[in-house]
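Okay, my_file_3.pdb now, which holds PDB, C-alpha atoms:
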ATOM      1  CA  MET A   1     -15.923  41.544  57.902
ATOM      2  CA  THR A   2     -17.821  38.298  58.177
ATOM      3  CA  SER A   3     -19.161  38.729  54.647
ATOM      4  CA  LEU A   4     -15.676  39.501  53.253
ATOM      5  CA  ALA A   5     -14.165  36.515  55.076
ATOM      6  CA  SER A   6     -16.879  34.242  53.714
ATOM      7  CA  HIS A   7     -16.236  35.567  50.195
ATOM      8  CA  LEU A   8     -12.474  34.989  50.446
ATOM      9  CA  SER A   9     -13.039  31.538  51.911
ATOM     10  CA  ALA A  10     -15.387  30.582  49.083
ATOM     11  CA  HIS A  11     -12.950  32.018  46.530
ATOM     12  CA  GLY A  12     -10.182  29.920  48.056
ATOM     13  CA  VAL A  13     -12.256  26.759  47.812
ATOM     14  CA  GLN A  14     -13.034  27.495  44.167
ATOM     15  CA  ARG A  15      -9.365  28.159  43.425
ATOM     16  CA  ARG A  16      -8.265  24.933  45.125
ATOM     17  CA  HIS A  17     -10.953  23.033  43.201
ATOM     18  CA  LEU A  18      -9.777  24.546  39.900
ATOM     19  CA  LEU A  19      -6.129  23.696  40.620
ATOM     20  CA  THR A  20      -7.077  20.150  41.607
ATOM     21  CA  THR A  21      -9.103  19.732  38.414
ATOM     22  CA  LEU A  22      -6.233  20.998  36.263
ATOM     23  CA  ALA A  23      -3.763  18.733  38.055
ATOM     24  CA  LEU A  24      -5.952  15.686  37.519
ATOM     25  CA  ALA A  25      -6.481  16.590  33.872
ATOM     26  CA  GLY A  26      -2.748  17.010  33.384
ATOM     27  CA  ALA A  27      -2.079  13.679  35.059
ATOM     28  CA  GLY A  28      -4.487  12.024  32.644
ATOM     29  CA  LEU A  29      -2.807  13.423  29.537
ATOM     30  CA  PRO A  30      -0.454  11.083  27.694
ATOM     31  CA  ALA A  31       3.197  12.069  27.602
ATOM     32  CA  TRP A  32       3.046  13.135  23.949
ATOM     33  CA  ALA A  33       0.467  15.813  24.766
ATOM     34  CA  GLN A  34       2.642  17.351  27.455
ATOM     35  CA  THR A  35       5.647  17.726  25.186
ATOM     36  CA  ASP A  36       6.357  18.773  21.649
ATOM     37  CA  TRP A  37       6.110  15.329  20.033
ATOM     38  CA  PRO A  38       8.401  13.696  19.020
ATOM     39  CA  ALA A  39      10.678  15.880  21.191
ATOM     40  CA  GLY A  40      13.829  14.760  19.420
ATOM     41  CA  LYS A  41      13.099  11.048  19.848
ATOM     42  CA  LEU A  42      14.153   8.671  17.094
ATOM     43  CA  ILE A  43      11.393   7.447  14.749
ATOM     44  CA  THR A  44      11.721   4.036  13.096
ATOM     45  CA  TRP A  45      10.197   3.578   9.629
ATOM     46  CA  VAL A  46       9.797  -0.165   9.088
ATOM     47  CA  VAL A  47       9.851  -1.426   5.502
ATOM     48  CA  PRO A  48       8.695  -5.074   5.344
ATOM     49  CA  TYR A  49      10.713  -5.767   2.182
ATOM     50  CA  PRO A  50      14.405  -5.980   1.235
ATOM     51  CA  ALA A  51      16.260  -2.790   0.416
ATOM     52  CA  GLY A  52      16.171  -1.530  -3.162
ATOM     53  CA  GLY A  53      12.522  -1.885  -4.128
ATOM     54  CA  SER A  54      10.205   1.047  -4.756
ATOM     55  CA  THR A  55       8.623   0.802  -1.288
ATOM     56  CA  ASP A  56      12.075   0.974   0.281
ATOM     57  CA  VAL A  57      13.457   3.719  -1.974
ATOM     58  CA  LEU A  58      10.426   5.970  -1.569
ATOM     59  CA  GLY A  59      10.304   5.230   2.153
ATOM     60  CA  ARG A  60      13.905   6.324   2.653
ATOM     61  CA  ASN A  61      13.343   9.587   0.837
ATOM     62  CA  ILE A  62      10.119  10.344   2.679
ATOM     63  CA  ALA A  63      11.815   9.463   5.980
ATOM     64  CA  LEU A  64      14.510  12.081   5.349
ATOM     65  CA  LYS A  65      11.941  14.788   4.695
ATOM     66  CA  LEU A  66       9.779  13.691   7.626
ATOM     67  CA  GLY A  67      12.754  13.833   9.984
ATOM     68  CA  ALA A  68      13.578  17.353   8.853
ATOM     69  CA  ALA A  69       9.967  18.471   9.320
ATOM     70  CA  LEU A  70       9.820  17.006  12.847
ATOM     71  CA  SER A  71      13.352  18.094  13.838
ATOM     72  CA  THR A  72      14.389  14.535  14.582
ATOM     73  CA  ASN A  73      15.888  11.487  12.866
ATOM     74  CA  VAL A  74      13.803   8.894  11.058
ATOM     75  CA  ILE A  75      15.666   5.665  10.349
ATOM     76  CA  VAL A  76      14.540   2.975   7.917
ATOM     77  CA  ASP A  77      14.584  -0.596   9.208
ATOM     78  CA  ASN A  78      14.087  -3.373   6.625
ATOM     79  CA  LYS A  79      12.299  -6.309   8.246
ATOM     80  CA  ALA A  80      11.643  -8.513   5.226
ATOM     81  CA  GLY A  81      10.072 -11.946   4.992
ATOM     82  CA  ALA A  82       6.781 -13.826   4.706
ATOM     83  CA  THR A  83       5.463 -11.520   1.965
ATOM     84  CA  GLY A  84       5.797  -8.481   4.193
ATOM     85  CA  THR A  85       3.954  -9.825   7.223
ATOM     86  CA  ILE A  86       7.038 -10.064   9.475
ATOM     87  CA  GLY A  87       7.585  -6.316   9.354
ATOM     88  CA  ALA A  88       3.849  -5.678   9.710
ATOM     89  CA  ALA A  89       3.691  -7.895  12.805
ATOM     90  CA  TYR A  90       6.604  -5.995  14.347
ATOM     91  CA  VAL A  91       4.835  -2.655  13.965
ATOM     92  CA  ALA A  92       1.506  -4.074  15.143
ATOM     93  CA  LYS A  93       3.157  -4.944  18.488
ATOM     94  CA  ALA A  94       5.015  -1.635  18.853
ATOM     95  CA  ALA A  95       4.035   1.047  21.346
ATOM     96  CA  PRO A  96       1.371   3.413  19.959
ATOM     97  CA  ASP A  97       3.499   6.506  20.500
ATOM     98  CA  GLY A  98       4.137   7.568  16.920
ATOM     99  CA  LEU A  99       7.761   6.460  17.052
ATOM    100  CA  THR A 100       7.320   3.263  14.977
ATOM    101  CA  LEU A 101       5.757   3.443  11.521
ATOM    102  CA  LEU A 102       5.063   0.906   8.774
ATOM    103  CA  GLY A 103       5.858   1.952   5.205
ATOM    104  CA  THR A 104       4.249  -0.890   3.308
ATOM    105  CA  SER A 105       2.072  -1.910   0.371
ATOM    106  CA  ILE A 106      -1.149  -3.658  -0.521
ATOM    107  CA  GLY A 107       0.337  -7.146  -0.054
ATOM    108  CA  PRO A 108       0.612  -7.548   3.721
ATOM    109  CA  GLN A 109      -2.258  -5.152   4.393
ATOM    110  CA  ALA A 110      -4.945  -6.532   2.069
ATOM    111  CA  ILE A 111      -3.865  -9.779   0.363
ATOM    112  CA  ALA A 112      -1.519 -11.897   2.500
ATOM    113  CA  PRO A 113      -3.882 -12.051   5.503
ATOM    114  CA  HIS A 114      -6.350 -14.015   3.376
ATOM    115  CA  LEU A 115      -3.681 -16.428   2.129
ATOM    116  CA  MET A 116      -2.155 -17.362   5.467
ATOM    117  CA  ALA A 117      -3.831 -19.629   7.967
ATOM    118  CA  LYS A 118      -2.821 -17.504  10.940
ATOM    119  CA  LEU A 119      -1.142 -14.154  11.493
ATOM    120  CA  PRO A 120      -0.101 -12.672  14.849
ATOM    121  CA  TYR A 121      -2.117  -9.530  14.118
ATOM    122  CA  ASP A 122      -5.337  -8.353  12.504
ATOM    123  CA  HIS A 123      -4.428  -6.422   9.371
ATOM    124  CA  ILE A 124      -7.292  -3.955   9.899
ATOM    125  CA  THR A 125      -7.651  -3.440  13.653
ATOM    126  CA  ALA A 126      -3.946  -3.622  14.566
ATOM    127  CA  PHE A 127      -3.099  -0.413  12.707
ATOM    128  CA  GLU A 128      -3.999   3.245  12.381
ATOM    129  CA  PRO A 129      -3.998   4.345   8.725
ATOM    130  CA  VAL A 130      -1.818   7.425   8.224
ATOM    131  CA  ILE A 131      -1.588   8.235   4.509
ATOM    132  CA  THR A 132      -1.549   6.700   1.040
ATOM    133  CA  VAL A 133       1.871   7.276  -0.488
ATOM    134  CA  GLY A 134       1.020   6.327  -4.052
ATOM    135  CA  THR A 135      -0.260   3.782  -6.532
ATOM    136  CA  ILE A 136       1.456   1.615  -9.133
ATOM    137  CA  PRO A 137      -0.568   0.822 -12.266
ATOM    138  CA  HIS A 138       0.001  -2.370 -14.194
ATOM    139  CA  MET A 139      -0.408  -3.466 -17.765
ATOM    140  CA  LEU A 140      -1.364  -6.703 -19.410
ATOM    141  CA  VAL A 141       1.529  -7.542 -21.737
ATOM    142  CA  VAL A 142       2.325 -10.291 -24.229
ATOM    143  CA  GLY A 143       5.422 -11.142 -26.222
ATOM    144  CA  VAL A 144       5.591  -9.305 -29.522
ATOM    145  CA  ASN A 145       5.360 -12.580 -31.470
ATOM    146  CA  GLN A 146       2.188 -13.688 -29.692
ATOM    147  CA  PRO A 147      -0.893 -13.532 -31.959
ATOM    148  CA  PHE A 148      -2.959 -11.475 -29.520
ATOM    149  CA  LYS A 149      -3.546  -7.855 -30.453
ATOM    150  CA  THR A 150      -6.317  -7.152 -27.928
ATOM    151  CA  VAL A 151      -7.636  -8.471 -24.632
ATOM    152  CA  ALA A 152     -10.549  -9.957 -26.577
ATOM    153  CA  ASP A 153      -8.083 -11.920 -28.732
ATOM    154  CA  LEU A 154      -6.432 -13.342 -25.616
ATOM    155  CA  LEU A 155      -9.727 -14.332 -24.040
ATOM    156  CA  THR A 156     -11.020 -15.922 -27.245
ATOM    157  CA  ALA A 157      -7.887 -18.068 -27.478
ATOM    158  CA  ALA A 158      -8.065 -18.977 -23.784
ATOM    159  CA  LYS A 159     -11.661 -20.117 -24.058
ATOM    160  CA  ALA A 160     -10.882 -22.113 -27.199
ATOM    161  CA  GLN A 161      -8.017 -23.849 -25.340
ATOM    162  CA  PRO A 162      -9.041 -24.065 -21.669
ATOM    163  CA  GLY A 163      -6.035 -24.414 -19.376
ATOM    164  CA  LYS A 164      -3.471 -24.037 -22.172
ATOM    165  CA  LEU A 165      -2.403 -20.399 -21.984
ATOM    166  CA  ALA A 166      -0.001 -19.523 -19.166
ATOM    167  CA  PHE A 167       0.590 -16.290 -17.300
ATOM    168  CA  ALA A 168       3.604 -15.385 -15.197
ATOM    169  CA  SER A 169       3.729 -13.635 -11.842
ATOM    170  CA  GLY A 170       6.326 -12.671  -9.268
ATOM    171  CA  GLY A 171       5.083 -15.355  -6.906
ATOM    172  CA  ASN A 172       2.053 -17.081  -5.491
ATOM    173  CA  GLY A 173      -0.284 -14.615  -3.813
ATOM    174  CA  THR A 174       1.338 -11.495  -5.244
ATOM    175  CA  ILE A 175      -0.729  -8.699  -6.752
ATOM    176  CA  LEU A 176       0.401  -9.859 -10.219
ATOM    177  CA  HIS A 177      -0.924 -13.345  -9.485
ATOM    178  CA  MET A 178      -4.169 -11.906  -8.116
ATOM    179  CA  GLN A 179      -4.808 -10.030 -11.361
ATOM    180  CA  GLY A 180      -4.493 -13.194 -13.418
ATOM    181  CA  GLU A 181      -6.963 -14.906 -11.098
ATOM    182  CA  LEU A 182      -9.313 -11.936 -11.278
ATOM    183  CA  LEU A 183      -9.208 -12.036 -15.075
ATOM    184  CA  ALA A 184     -10.078 -15.735 -15.044
ATOM    185  CA  GLN A 185     -12.937 -15.295 -12.582
ATOM    186  CA  GLN A 186     -14.460 -12.325 -14.375
ATOM    187  CA  THR A 187     -14.360 -13.929 -17.816
ATOM    188  CA  GLY A 188     -14.647 -17.654 -17.166
ATOM    189  CA  ALA A 189     -11.363 -18.277 -18.989
ATOM    190  CA  ARG A 190      -8.920 -20.854 -17.611
ATOM    191  CA  PHE A 191      -5.201 -20.162 -17.441
ATOM    192  CA  ILE A 192      -2.090 -21.808 -16.066
ATOM    193  CA  HIS A 193      -0.384 -19.746 -13.383
ATOM    194  CA  VAL A 194       3.423 -19.876 -13.471
ATOM    195  CA  PRO A 195       4.883 -18.257 -10.335
ATOM    196  CA  TYR A 196       8.474 -16.980 -10.291
ATOM    197  CA  LYS A 197      10.707 -15.786  -7.487
ATOM    198  CA  GLY A 198      10.171 -12.133  -8.240
ATOM    199  CA  ASP A 199       8.742  -9.886 -10.944
ATOM    200  CA  THR A 200      12.007  -9.650 -12.911
ATOM    201  CA  PRO A 201      12.352 -13.345 -13.850
ATOM    202  CA  ALA A 202       8.627 -13.434 -14.620
ATOM    203  CA  LEU A 203       9.053 -10.534 -17.006
ATOM    204  CA  GLN A 204      12.133 -12.126 -18.567
ATOM    205  CA  ASP A 205      10.222 -15.304 -19.409
ATOM    206  CA  THR A 206       7.345 -13.249 -20.799
ATOM    207  CA  LEU A 207       9.860 -11.489 -23.043
ATOM    208  CA  ALA A 208      11.257 -14.892 -24.033
ATOM    209  CA  GLU A 209       7.667 -16.044 -24.690
ATOM    210  CA  GLN A 210       7.968 -19.006 -22.351
ATOM    211  CA  VAL A 211       4.558 -17.877 -21.100
ATOM    212  CA  GLN A 212       1.812 -16.154 -23.053
ATOM    213  CA  PHE A 213       1.187 -13.082 -20.883
ATOM    214  CA  MET A 214       1.536 -11.381 -17.525
ATOM    215  CA  PHE A 215       0.336  -8.369 -15.593
ATOM    216  CA  ALA A 216       3.463  -6.284 -15.085
ATOM    217  CA  PRO A 217       4.220  -3.035 -13.229
ATOM    218  CA  VAL A 218       4.248  -0.215 -15.756
ATOM    219  CA  ALA A 219       7.743   1.002 -14.823
ATOM    220  CA  ALA A 220       9.235  -2.459 -15.431
ATOM    221  CA  ALA A 221       7.402  -3.248 -18.666
ATOM    222  CA  LEU A 222       7.261   0.184 -20.302
ATOM    223  CA  PRO A 223      10.817   0.184 -21.760
ATOM    224  CA  HIS A 224      10.142  -3.184 -23.402
ATOM    225  CA  VAL A 225       6.830  -1.964 -24.808
ATOM    226  CA  GLN A 226       8.477   1.165 -26.170
ATOM    227  CA  SER A 227      11.303  -0.880 -27.725
ATOM    228  CA  GLY A 228       8.804  -3.216 -29.402
ATOM    229  CA  LYS A 229       9.745  -6.350 -27.440
ATOM    230  CA  LEU A 230       6.416  -6.497 -25.614
ATOM    231  CA  ARG A 231       2.896  -5.584 -26.670
ATOM    232  CA  ALA A 232       0.623  -3.867 -24.133
ATOM    233  CA  LEU A 233      -2.980  -4.996 -24.487
ATOM    234  CA  ALA A 234      -4.433  -2.882 -21.674
ATOM    235  CA  VAL A 235      -3.620  -0.998 -18.481
ATOM    236  CA  THR A 236      -5.288  -1.786 -15.155
ATOM    237  CA  SER A 237      -5.736   1.822 -14.017
ATOM    238  CA  ALA A 238      -9.056   3.654 -14.184
ATOM    239  CA  GLN A 239      -7.684   6.051 -16.799
ATOM    240  CA  ARG A 240      -5.283   5.647 -19.713
ATOM    241  CA  LEU A 241      -1.646   6.401 -18.957
ATOM    242  CA  LYS A 242       0.064   9.487 -20.360
ATOM    243  CA  ALA A 243       3.038   7.337 -21.357
ATOM    244  CA  LEU A 244       0.772   4.961 -23.330
ATOM    245  CA  PRO A 245      -2.140   7.042 -24.627
ATOM    246  CA  ALA A 246      -3.077   4.499 -27.298
ATOM    247  CA  VAL A 247      -3.362   1.581 -24.865
ATOM    248  CA  PRO A 248      -6.914   1.099 -23.513
ATOM    249  CA  THR A 249      -7.866   0.466 -19.918
ATOM    250  CA  MET A 250      -9.198  -2.946 -18.975
ATOM    251  CA  GLY A 251     -12.601  -1.277 -18.693
ATOM    252  CA  GLU A 252     -12.383  -0.008 -22.241
ATOM    253  CA  ALA A 253     -11.313  -3.499 -23.280
ATOM    254  CA  GLY A 254     -14.611  -4.851 -21.992
ATOM    255  CA  LEU A 255     -13.971  -5.602 -18.309
ATOM    256  CA  LYS A 256     -15.725  -2.739 -16.576
ATOM    257  CA  ASP A 257     -14.980  -3.857 -13.000
ATOM    258  CA  PHE A 258     -11.297  -4.569 -13.605
ATOM    259  CA  VAL A 259      -9.424  -1.710 -11.937
ATOM    260  CA  VAL A 260      -6.301  -2.719 -10.039
ATOM    261  CA  GLU A 261      -3.645  -0.433  -8.637
ATOM    262  CA  GLN A 262      -0.931  -1.570  -6.265
ATOM    263  CA  TRP A 263      -0.767   0.983  -3.469
ATOM    264  CA  GLN A 264       1.907   1.971  -0.999
ATOM    265  CA  ALA A 265       0.974   3.521   2.330
ATOM    266  CA  VAL A 266       2.000   4.378   5.868
ATOM    267  CA  PHE A 267       0.421   2.881   8.980
ATOM    268  CA  ALA A 268       1.013   3.323  12.717
ATOM    269  CA  PRO A 269       0.184   0.886  15.546
ATOM    270  CA  ALA A 270      -3.436   0.842  16.677
ATOM    271  CA  LYS A 271      -4.352   3.412  19.351
ATOM    272  CA  THR A 272      -1.709   5.871  18.220
ATOM    273  CA  PRO A 273      -3.236   9.220  19.344
ATOM    274  CA  ALA A 274      -5.171  11.065  16.653
ATOM    275  CA  PRO A 275      -3.090  14.270  16.945
ATOM    276  CA  ILE A 276       0.064  12.294  16.144
ATOM    277  CA  VAL A 277      -1.589  10.541  13.202
ATOM    278  CA  GLN A 278      -2.793  13.886  11.864
ATOM    279  CA  ARG A 279       0.658  15.456  12.272
ATOM    280  CA  LEU A 280       2.282  12.545  10.452
ATOM    281  CA  ASN A 281      -0.309  12.787   7.707
ATOM    282  CA  ARG A 282       0.289  16.507   7.305
ATOM    283  CA  GLU A 283       4.081  16.282   7.193
ATOM    284  CA  ILE A 284       4.173  13.293   4.826
ATOM    285  CA  ALA A 285       1.602  14.953   2.555
ATOM    286  CA  GLY A 286       3.950  17.910   2.370
ATOM    287  CA  ALA A 287       6.859  15.631   1.470
ATOM    288  CA  LEU A 288       4.837  14.071  -1.347
ATOM    289  CA  LYS A 289       4.601  17.482  -3.017
ATOM    290  CA  ASP A 290       8.363  17.961  -3.123
ATOM    291  CA  PRO A 291       9.465  18.179  -6.795
ATOM    292  CA  ALA A 292      12.476  15.911  -6.219
ATOM    293  CA  LEU A 293      10.263  13.217  -4.683
ATOM    294  CA  VAL A 294       7.718  13.576  -7.482
ATOM    295  CA  ALA A 295      10.502  13.078 -10.040
ATOM    296  CA  LEU A 296      11.796  10.026  -8.165
ATOM    297  CA  ALA A 297       8.301   8.532  -8.002
ATOM    298  CA  ASP A 298       7.891   9.012 -11.748
ATOM    299  CA  LYS A 299      11.081   7.021 -12.356
ATOM    300  CA  LEU A 300       9.788   4.260 -10.081
ATOM    301  CA  GLY A 301       6.412   4.191 -11.817
ATOM    302  CA  VAL A 302       4.564   5.396  -8.731
ATOM    303  CA  THR A 303       1.785   7.974  -8.880
ATOM    304  CA  LEU A 304       1.897   9.907  -5.595
ATOM    305  CA  VAL A 305      -1.480  10.256  -3.884
ATOM    306  CA  GLY A 306      -1.637  11.561  -0.308
ATOM    307  CA  GLY A 307      -5.113  11.967   1.150
ATOM    308  CA  SER A 308      -6.541  11.520   4.638
ATOM    309  CA  PRO A 309      -6.146   8.617   7.092
ATOM    310  CA  GLN A 310      -9.848   7.863   6.548
ATOM    311  CA  GLN A 311      -9.349   7.539   2.801
ATOM    312  CA  LEU A 312      -6.512   5.067   3.316
ATOM    313  CA  GLY A 313      -8.613   3.080   5.778
ATOM    314  CA  ASP A 314     -11.478   2.892   3.298
ATOM    315  CA  LEU A 315      -9.095   1.832   0.506
ATOM    316  CA  GLN A 316      -7.563  -0.905   2.639
ATOM    317  CA  LYS A 317     -10.938  -2.320   3.678
ATOM    318  CA  ALA A 318     -12.287  -2.268   0.119
ATOM    319  CA  ASP A 319      -9.242  -4.009  -1.342
ATOM    320  CA  SER A 320      -9.119  -6.503   1.517
ATOM    321  CA  ALA A 321     -12.705  -7.537   0.785
ATOM    322  CA  LYS A 322     -12.037  -7.631  -2.958
ATOM    323  CA  TRP A 323      -9.004  -9.910  -2.766
ATOM    324  CA  ALA A 324     -10.497 -12.083  -0.033
ATOM    325  CA  LYS A 325     -13.266 -12.972  -2.484
ATOM    326  CA  VAL A 326     -10.811 -13.710  -5.319
ATOM    327  CA  ILE A 327      -8.647 -15.867  -3.055
ATOM    328  CA  LYS A 328     -11.615 -17.821  -1.700
ATOM    329  CA  GLU A 329     -13.182 -18.438  -5.099
ATOM    330  CA  GLY A 330      -9.817 -19.429  -6.578
ATOM    331  CA  GLY A 331      -8.908 -21.688  -3.663
ATOM    332  CA  ILE A 332      -5.530 -19.958  -3.502
ATOM    333  CA  LYS A 333      -3.132 -20.903  -0.706
ATOM    334  CA  ALA A 334       0.180 -19.453   0.421
ATOM    335  CA  ASP A 335       3.343 -21.290  -0.630
TER     336      ASP A 335
END

Since I need it in another form, could you write the structure as structure tokens?
Amino acid sequence: MTSLASHLSAHGVQRRHLLTTLALAGAGLPAWAQTDWPAGKLITWVVPYPAGGSTDVLGRNIALKLGAALSTNVIVDNKAGATGTIGAAYVAKAAPDGLTLLGTSIGPQAIAPHLMAKLPYDHITAFEPVITVGTIPHMLVVGVNQPFKTVADLLTAAKAQPGKLAFASGGNGTILHMQGELLAQQTGARFIHVPYKGDTPALQDTLAEQVQFMFAPVAAALPHVQSGKLRALAVTSAQRLKALPAVPTMGEAGLKDFVVEQWQAVFAPAKTPAPIVQRLNREIAGALKDPALVALADKLGVTLVGGSPQQLGDLQKADSAKWAKVIKEGGIKAD
């Protein structure tokens, strides 16, 4: 009897210890791990630009598919201003619970931080990369009456007339501006930068030949190239574009390190739990394969990508370092 009593007593102690351990472990788990995240809670997809642009349009369509996959609602909230950094700052300060996301682009995540004296967040450490949505290639275009038939022609003229040829961009510090600066730094040519309030007026003045050239998003410039109003000298992607098979890449035109693609991506606040980030990545990756979304992206000139959070993080860090160098060497400041 004594032996049996001792055995039951020891078993009871072990059982109480196990229950205590499980209780403590459960108490230490965050709320999202105890429930089926997002458990019907509303998710806010912040777009740091005005409504109507490609980042906004794609974001809204992805948000619909994401909401359906998670059995909840995902609303899009446009928080525009300061080249996208207002919306980014909002998400950086949000709770890391997977209920606030940033659907953004290369600007506020890799360029703007190096142009502005002070931001209320660190563009790398304040976020968890989720997924790369897609990339937007650009092309170097000139008016059809310009004498330049190749990139070499343009550079020869620029070096013969330092500071005479002008290029347009959608604004100071934009990716279009950065490409003009990169071209100058890689070749030693000197250009005049003419910033506009948006890509559209910049393209209009390039068509009107008020400026000699610009780097333009393919979707915006392609119809004018196809109609013969603009001449494409090169594309900035690593490979030639299917829509313009005869147009060389910048690498083929002699600038081997000139590969520029404007990316769009999704980020969450720093310290968002890894299981939530992985779930978001998985569901958004699924949305990117939807034929309707692929067709929409084609119309917007966006090549859908996907990939892992790590791949997006590596892309962001590489581009941040790249543009930081261009901005420093060019002495570029925010407006």

Non-local contacts of stretch 158-172 of chain A (8 Å; only C-alpha atoms; under 5 positions in same chain excluded) as a PDB file with C-alpha atoms, in the frame of the given file:
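As written to disk, selection_6.pdb reads:
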ATOM      1  CA  HIS A 177      -0.924 -13.345  -9.485  1.00  0.00           C
ATOM      2  CA  GLY A 180      -4.493 -13.194 -13.418  1.00  0.00           C
ATOM      3  CA  GLY A 188     -14.647 -17.654 -17.166  1.00  0.00           C
ATOM      4  CA  ALA A 189     -11.363 -18.277 -18.989  1.00  0.00           C
ATOM      5  CA  ARG A 190      -8.920 -20.854 -17.611  1.00  0.00           C
ATOM      6  CA  PHE A 191      -5.201 -20.162 -17.441  1.00  0.00           C
ATOM      7  CA  ILE A 192      -2.090 -21.808 -16.066  1.00  0.00           C
ATOM      8  CA  HIS A 193      -0.384 -19.746 -13.383  1.00  0.00           C
ATOM      9  CA  VAL A 194       3.423 -19.876 -13.471  1.00  0.00           C
ATOM     10  CA  PRO A 195       4.883 -18.257 -10.335  1.00  0.00           C
ATOM     11  CA  TYR A 196       8.474 -16.980 -10.291  1.00  0.00           C
ATOM     12  CA  LYS A 197      10.707 -15.786  -7.487  1.00  0.00           C
ATOM     13  CA  GLY A 198      10.171 -12.133  -8.240  1.00  0.00           C
ATOM     14  CA  ASP A 199       8.742  -9.886 -10.944  1.00  0.00           C
ATOM     15  CA  THR A 200      12.007  -9.650 -12.911  1.00  0.00           C
ATOM     16  CA  PRO A 201      12.352 -13.345 -13.850  1.00  0.00           C
ATOM     17  CA  ALA A 202       8.627 -13.434 -14.620  1.00  0.00           C
ATOM     18  CA  LEU A 203       9.053 -10.534 -17.006  1.00  0.00           C
ATOM     19  CA  ASP A 205      10.222 -15.304 -19.409  1.00  0.00           C
ATOM     20  CA  THR A 206       7.345 -13.249 -20.799  1.00  0.00           C
ATOM     21  CA  VAL A 211       4.558 -17.877 -21.100  1.00  0.00           C
ATOM     22  CA  GLN A 212       1.812 -16.154 -23.053  1.00  0.00           C
ATOM     23  CA  PHE A 213       1.187 -13.082 -20.883  1.00  0.00           C
ATOM     24  CA  MET A 214       1.536 -11.381 -17.525  1.00  0.00           C
ATOM     25  CA  PHE A 215       0.336  -8.369 -15.593  1.00  0.00           C
ATOM     26  CA  ALA A 334       0.180 -19.453   0.421  1.00  0.00           C
ATOM     27  CA  ASP A 335       3.343 -21.290  -0.630  1.00  0.00           C
TER      28      ASP A 335
END

Computed interatomic separation between atom CA of A:Tyr49 and atom CA of A:Asn78 (Å):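 Distance reported for this atom pair: 6.1 Å.
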
The PyMOL selection byres ((chain A and resi 329) around 12) resolved against shown file, as a ChimeraX atom specification: /A:114,178,181-182,184-186,322-328,330-333

Interatomic distance (Å, one decimal) between atom CA of A:Gly103 and atom CA of A:Gln278: 16.2 Å

Residue neighbourhood A:Gln239, 10 Å, all atoms listed in the file, exclusion window fewer than 3 positions, as a list in words: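 Answer for this query is Pro137, Val235, Thr236, Lys242, Pro245, Pro248, Thr249, Met250, Gly251, Glu252 and Val259 of chain A.
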
Find the residues around stretch 292-302 of chain A up to 6 Å (all atoms listed in the file counted), leave out those fewer than 6 positions away in its own chain, and share them as a PDB file with C-alpha atoms, keeping the file's coordinate frame.
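Writing the result to out19.pdb gives the following:
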ATOM      1  CA  GLY A 134       1.020   6.327  -4.052  1.00  0.00           C
ATOM      2  CA  THR A 135      -0.260   3.782  -6.532  1.00  0.00           C
ATOM      3  CA  ILE A 136       1.456   1.615  -9.133  1.00  0.00           C
ATOM      4  CA  ALA A 219       7.743   1.002 -14.823  1.00  0.00           C
TER       5      ALA A 219
END

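Nearest to A:Leu42 of all the residues A:Ala82, A:Leu58, A:Leu66, A:Val247 is A:Leu66, counting all atoms listed in the file.
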
Interatomic distance (Å, one decimal) between atom CA of A:Leu207 and atom CA of A:Ala220: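 Straight-line distance from atom CA of A:Leu207 to atom CA of A:Ala220 works out to 11.8 Å.
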
Ground truth for the PyMOL selection byres ((chain A and resi 264-272) around 8), written as a ChimeraX atom specification: /A:55,91-98,100-106,125-135,262-263,273-274,276-277,312

Given the PyMOL selection byres ((chain A and resi 146) around 10), the residues it picks as a list in words: Val142, Gly143, Val144, Asn145, Pro147, Phe148, Lys149, Leu154, Glu209, Val211, Gln212, Phe213, Leu230 and Arg231 of chain A
